Amino acid sequence: MTPEQRGGPAGETHSGNGPDPSQAVAGPADVVTLSGIWRRFGTTPPVIALRGVDLRVRSGEWLAIVGPSGSGKSTLMNIIGCLDRPDEGSYLLNGLDVTTLTDDQRAGVRSRCIGFVFQAFHLLSHRTVAENVMLAEIYRGRPREGRRDRAMTALAAVGLRKRSEHLPTQLSGGERQRVAIARALVNEPSLLLCDEPTGNLDSRTSEAVLQMIETLHTGGLTVIMITHESEVAERAERQIRMIDGVIQHDLAGRAAR
Amino acid sequence: MSTAVDAPGAVASAGVPAFEPPLIGTRDLVDEAVVGLLARPMRTLLTVLGTVIGLGALVATLGLSQTASNRIVGRFDALSATQVTVSVKPTATETARSIPLDAPARLHTINGVVAAGNLSEIDVKDALVSASPVNDPQKRARFKLSVFAASPELFDATRARLRYGRLLDAGHSGRGEKVAVLGPNAANQLGIEDLDHAQAIRIGDELFTVIGVLDGVERKFDLLSAVIIPEGTAREQYGLLSPTSVVIETRLGAAKVVGQQAPFVLNPADPNAYKMAIPEEPQRAKEGVKSDLNVLFLMLGGVSLIVGAIGIANVTLVSVMERVGEIGLRRALGATRRHIALQFLMESGAMGVLGGVLGASVGLLVVVLVSLVQTWTPVINPMIPLISPLVGGLVGLLAGLYPALRAAQLEPVEALRAGT
């Protein structure tokens, strides 16, 4: 049922808005293509966070990045999220080389292609749940008409439609994270980036959030998730383990079955 | 979990070229700023307090100065601005430079003259005035009072009000009748309380019938304690050659012109013989009021405004520091540095506008209240309260410049990490 529902709006968007430039460069199979990514911080002596990372993430994949703190997984995440630039190497997102873009263009890429979910939720505490979700659309340049409807649709997708007029402070941790997921989804991204999505949650609410992500993955969404909990990582269909700025293991997870 | 996931999807860049920088609508920008302020209403109010005081002081000062100058002009209007007095220069020789007896009639040929009357103080030597023929040694009955000779229209020109009896007319003057009108103080002194019985007074040894007592005058207050006799009588009895002065009431705004033209009407051959008393120009009073006290208040307002701007700058800066996480989130959602800067500029600008609106209200209220207490008519240029929010907005924008730049310079990665 879910794939059919997803197919409709997605197809419409494509046919209605002309050719997708990213499709021309690379096949639709690869969402993320990293090659030879280096990232250094500081000057004397430089801290090398990433040492020549190569990574391909296919469309519809669910990838978990694990590793100890300082292993470079957060830096990798920031580069994939177009929040940071590599010092060396190339990064194709949907076949588009985003390392050559200006800051403003990368902001456009973030608003259109990437949905973020953070460990600390990052909800605006003075705004209602619906307003928090609508916030994502402001920088997308979408018309105001139908904005609330689209936000309500996204909230319905995470099962929080009834909570739309609550303040985030009135919600549980798990509910807050689901609001954050709704906010990430409202712009129909091609990639969902989750940075320790269950890091602030207890095991029961973690499970709900993970099921949510799993549902999205099943629906065809590409998900990249950072975590340090192995049980969480095992839910993903593919795991990579990072140590000292390089990818140590690349293996399919238990949940891929 | 079988929740329907229908909106989002793996749609690559949703059709629009992915590298285009995002656009933000003006209404969205304004909404974000206003909501940001309304989220903490108390803090917003306290922040704009300095601007409110500054602009309030400026509006109140400008309004009160306008009100005060209008008040002074108003007092001029009431009496002085419509009064012209003609008198003979002391240096003038009696015969060549006198005021003609028909001065009132001549003056009426000038446009703007409402009433004109001759007024001459009569030198009665040492003659005392008494009401009773009997000299009572117990009680003082003889007084030194000034005696004036007046042409009939003088009572109009001085706006005299009659308590009882009647005023002098042309007939009394023409026949040289020995009648008199008393000022209220003079009547009191002489013990004349009513005219039910024919009352007579003596000036020296001459007997005069009292035909009227004044209630008051608006000009020439000397008349209040004087005996006023007809001009013709004064010519016969006291040898008055010509009037010593003419009191003219003009229409509002005509005083200056009347003052310029009157000497030519009275004596075209030698218009310089007369001393003219013309009211001061109202404008000068206006400028006089503006220049003195208000400089202080304007400076006070200016200083408060600067303090207010610093307040807004401070709070916006604190707000930027507090909302680092929000800034990081907005950057992740696709906001450019410019969007972040604009948002904080809008917030500080909106605070300034709010301060301007409140300041204008406070200022107007002060003007109205002070006017109420002083029973003045509040006067203010309508542009002043309208410009106030503009000035406030400008101050807010200036104050927000530095915090907005600080916010825009934050790196999204740092901001997201710091603002958890």
# chains A, B, ... in the order shown; residues from 1 in each chain; ligands from 1

call {"tool": "select_by_dssp", "arguments": {"residues": "segment 87-285 of chain B", "states": "helix (DSSP H, G or I)", "output": "ChimeraX atom specification"}}
result
/B:103-107,154-157,170-175,184-190,221-225,231-238,255-266,271-273,282-285

call {"tool": "closest_residue", "arguments": {"among": "A:Ser203, A:Thr33, A:Ser90, A:Asn78", "to": "chain B", "atoms": "only C-alpha atoms"}}
result
A:Asn78

call {"tool": "select_by_dssp", "arguments": {"residues": "segment 126-226 of chain A", "states": "strand (DSSP E or B)", "output": "ChimeraX atom specification"}}
result
/A:191-195,222-226

call {"tool": "residues_around", "arguments": {"residues": "Leu64 of chain B", "least_positions_apart": "4", "cutoff": "6 Å", "atoms": "only C-alpha atoms", "output": "ChimeraX atom specification"}}
result
/B:60,68,367

call {"tool": "atom_distance", "arguments": {"atom1": "atom CA of Pro184 of chain B", "atom2": "atom CA of Arg140 of chain B"}}
result
18.3 Å

call {"tool": "atom_distance", "arguments": {"atom1": "atom CA of Ile79 of chain A", "atom2": "atom CA of Met212 of chain A"}}
result
24.8 Å

call {"tool": "closest_atom_pairs", "arguments": {"of": "segment 259-343 of chain B", "to": "segment 91-114 of chain A", "cutoff": "7 Å", "atoms": "only C-alpha atoms", "output": "CSV"}}
result
residue,atom,partner,partner_atom,distance
B:Ala332,CA,A:Arg110,CA,6.4
B:Leu333,CA,A:Ser111,CA,5.2
B:Gly334,CA,A:Ser111,CA,4.3
B:Ala335,CA,A:Ala107,CA,6.1
B:Thr336,CA,A:Asp104,CA,5.5

call {"tool": "write_last_selection", "arguments": {"atoms": "N, CA and C atoms", "output": "PDB file, in the first residue's frame"}}
result
ATOM      1  N   ALA B 332      20.554  24.311   8.163  1.00  0.00           N
ATOM      2  CA  ALA B 332      20.393  22.947   7.672  1.00  0.00           C
ATOM      3  C   ALA B 332      19.145  22.833   6.797  1.00  0.00           C
ATOM      4  N   LEU B 333      18.120  23.601   7.150  1.00  0.00           N
ATOM      5  CA  LEU B 333      16.877  23.542   6.376  1.00  0.00           C
ATOM      6  C   LEU B 333      16.997  24.307   5.069  1.00  0.00           C
ATOM      7  N   GLY B 334      18.125  25.003   4.880  1.00  0.00           N
ATOM      8  CA  GLY B 334      18.345  25.654   3.587  1.00  0.00           C
ATOM      9  C   GLY B 334      18.450  27.157   3.643  1.00  0.00           C
ATOM     10  N   ALA B 335      18.510  27.728   4.849  1.00  0.00           N
ATOM     11  CA  ALA B 335      18.662  29.183   4.936  1.00  0.00           C
ATOM     12  C   ALA B 335      20.082  29.567   4.561  1.00  0.00           C
ATOM     13  N   THR B 336      20.223  30.626   3.783  1.00  0.00           N
ATOM     14  CA  THR B 336      21.559  31.131   3.472  1.00  0.00           C
ATOM     15  C   THR B 336      21.971  32.107   4.575  1.00  0.00           C
TER      16      THR B 336
END

call {"tool": "residues_around", "arguments": {"residues": "Val181 of chain B", "least_positions_apart": "6", "cutoff": "12 Å", "atoms": "only C-alpha atoms", "output": "VMD selection string"}}
result
chain B and resid 147 to 150 152 155 160 to 169 172 187 192 195 199 to 201 208 to 215 223 to 230

call {"tool": "closest_residue", "arguments": {"among": "B:Ile99, B:Ala262, B:Leu128, B:Leu154", "to": "Ala115 of chain B", "atoms": "only C-alpha atoms"}}
result
B:Leu154

call {"tool": "closest_residue", "arguments": {"among": "A:Glu165, A:Glu88, A:Glu175, A:Asp149", "to": "chain B", "atoms": "only C-alpha atoms"}}
result
A:Asp149

call {"tool": "residues_around", "arguments": {"residues": "Thr85 of chain B", "least_positions_apart": "6", "cutoff": "9 Å", "atoms": "only C-alpha atoms", "output": "list in words"}}
result
Ser245, Val246, Val247, Ile248, Glu249, Gly259, Lys275, Met276, Ala277 and Ile278 of chain B

call {"tool": "write_last_selection", "arguments": {"atoms": "N, CA and C atoms", "output": "PDB file, in the first residue's frame"}}
result
ATOM      1  N   SER B 245      -4.052 110.701  22.589  1.00  0.00           N
ATOM      2  CA  SER B 245      -3.823 109.356  22.037  1.00  0.00           C
ATOM      3  C   SER B 245      -5.100 108.837  21.390  1.00  0.00           C
ATOM      4  N   VAL B 246      -4.916 107.840  20.534  1.00  0.00           N
ATOM      5  CA  VAL B 246      -6.059 107.153  19.934  1.00  0.00           C
ATOM      6  C   VAL B 246      -5.879 105.666  20.199  1.00  0.00           C
ATOM      7  N   VAL B 247      -6.946 105.037  20.697  1.00  0.00           N
ATOM      8  CA  VAL B 247      -6.912 103.585  20.898  1.00  0.00           C
ATOM      9  C   VAL B 247      -7.681 102.945  19.746  1.00  0.00           C
ATOM     10  N   ILE B 248      -7.026 102.009  19.045  1.00  0.00           N
ATOM     11  CA  ILE B 248      -7.655 101.372  17.879  1.00  0.00           C
ATOM     12  C   ILE B 248      -7.766  99.873  18.135  1.00  0.00           C
ATOM     13  N   GLU B 249      -8.950  99.366  17.875  1.00  0.00           N
ATOM     14  CA  GLU B 249      -9.077  97.905  17.828  1.00  0.00           C
ATOM     15  C   GLU B 249      -9.135  97.500  16.364  1.00  0.00           C
ATOM     16  N   GLY B 259      -1.193  99.839  11.788  1.00  0.00           N
ATOM     17  CA  GLY B 259      -0.145 100.627  12.417  1.00  0.00           C
ATOM     18  C   GLY B 259       0.705 101.376  11.402  1.00  0.00           C
ATOM     19  N   LYS B 275       3.849 108.220  17.637  1.00  0.00           N
ATOM     20  CA  LYS B 275       4.451 107.021  18.210  1.00  0.00           C
ATOM     21  C   LYS B 275       3.389 105.923  18.128  1.00  0.00           C
ATOM     22  N   MET B 276       3.729 104.840  17.434  1.00  0.00           N
ATOM     23  CA  MET B 276       2.748 103.771  17.252  1.00  0.00           C
ATOM     24  C   MET B 276       3.102 102.610  18.184  1.00  0.00           C
ATOM     25  N   ALA B 277       2.110 102.106  18.914  1.00  0.00           N
ATOM     26  CA  ALA B 277       2.312 100.885  19.703  1.00  0.00           C
ATOM     27  C   ALA B 277       1.616  99.740  18.973  1.00  0.00           C
ATOM     28  N   ILE B 278       2.446  98.903  18.337  1.00  0.00           N
ATOM     29  CA  ILE B 278       1.907  97.791  17.534  1.00  0.00           C
ATOM     30  C   ILE B 278       2.311  96.495  18.222  1.00  0.00           C
TER      31      ILE B 278
END

call {"tool": "atom_distance", "arguments": {"atom1": "atom CA of Arg142 of chain A", "atom2": "atom CA of Ala404 of chain B"}}
result
24.8 Å

call {"tool": "residues_around", "arguments": {"residues": "His339 of chain B", "least_positions_apart": "6", "cutoff": "9 Å", "atoms": "only C-alpha atoms", "output": "ChimeraX atom specification"}}
result
/A:139 /B:23-24,29,331,408

call {"tool": "write_last_selection", "arguments": {"atoms": "C-alpha atoms", "output": "mmCIF file, in the first residue's frame"}}
result
data_model
loop_
_atom_site.group_PDB
_atom_site.id
_atom_site.type_symbol
_atom_site.label_atom_id
_atom_site.label_comp_id
_atom_site.auth_asym_id
_atom_site.auth_seq_id
_atom_site.Cartn_x
_atom_site.Cartn_y
_atom_site.Cartn_z
ATOM 1 C CA TYR A 139 13.519 28.216 2.787
ATOM 2 C CA LEU B 23 14.235 32.045 -2.024
ATOM 3 C CA ILE B 24 12.328 33.249 0.970
ATOM 4 C CA LEU B 29 10.464 36.785 6.557
ATOM 5 C CA ARG B 331 20.915 26.717 7.892
ATOM 6 C CA ALA B 408 25.205 35.127 9.597
#

call {"tool": "closest_residue", "arguments": {"among": "B:Glu153, B:Asp205, B:Glu218, B:Asp28", "to": "chain A", "atoms": "only C-alpha atoms"}}
result
B:Asp28

call {"tool": "residues_around", "arguments": {"residues": "Leu155 of chain A", "least_positions_apart": "6", "cutoff": "12 Å", "atoms": "only C-alpha atoms", "output": "PyMOL selection string"}}
result
(chain A and resi 129-134+148-149+161-165+175-186) or (chain B and resi 3-8)
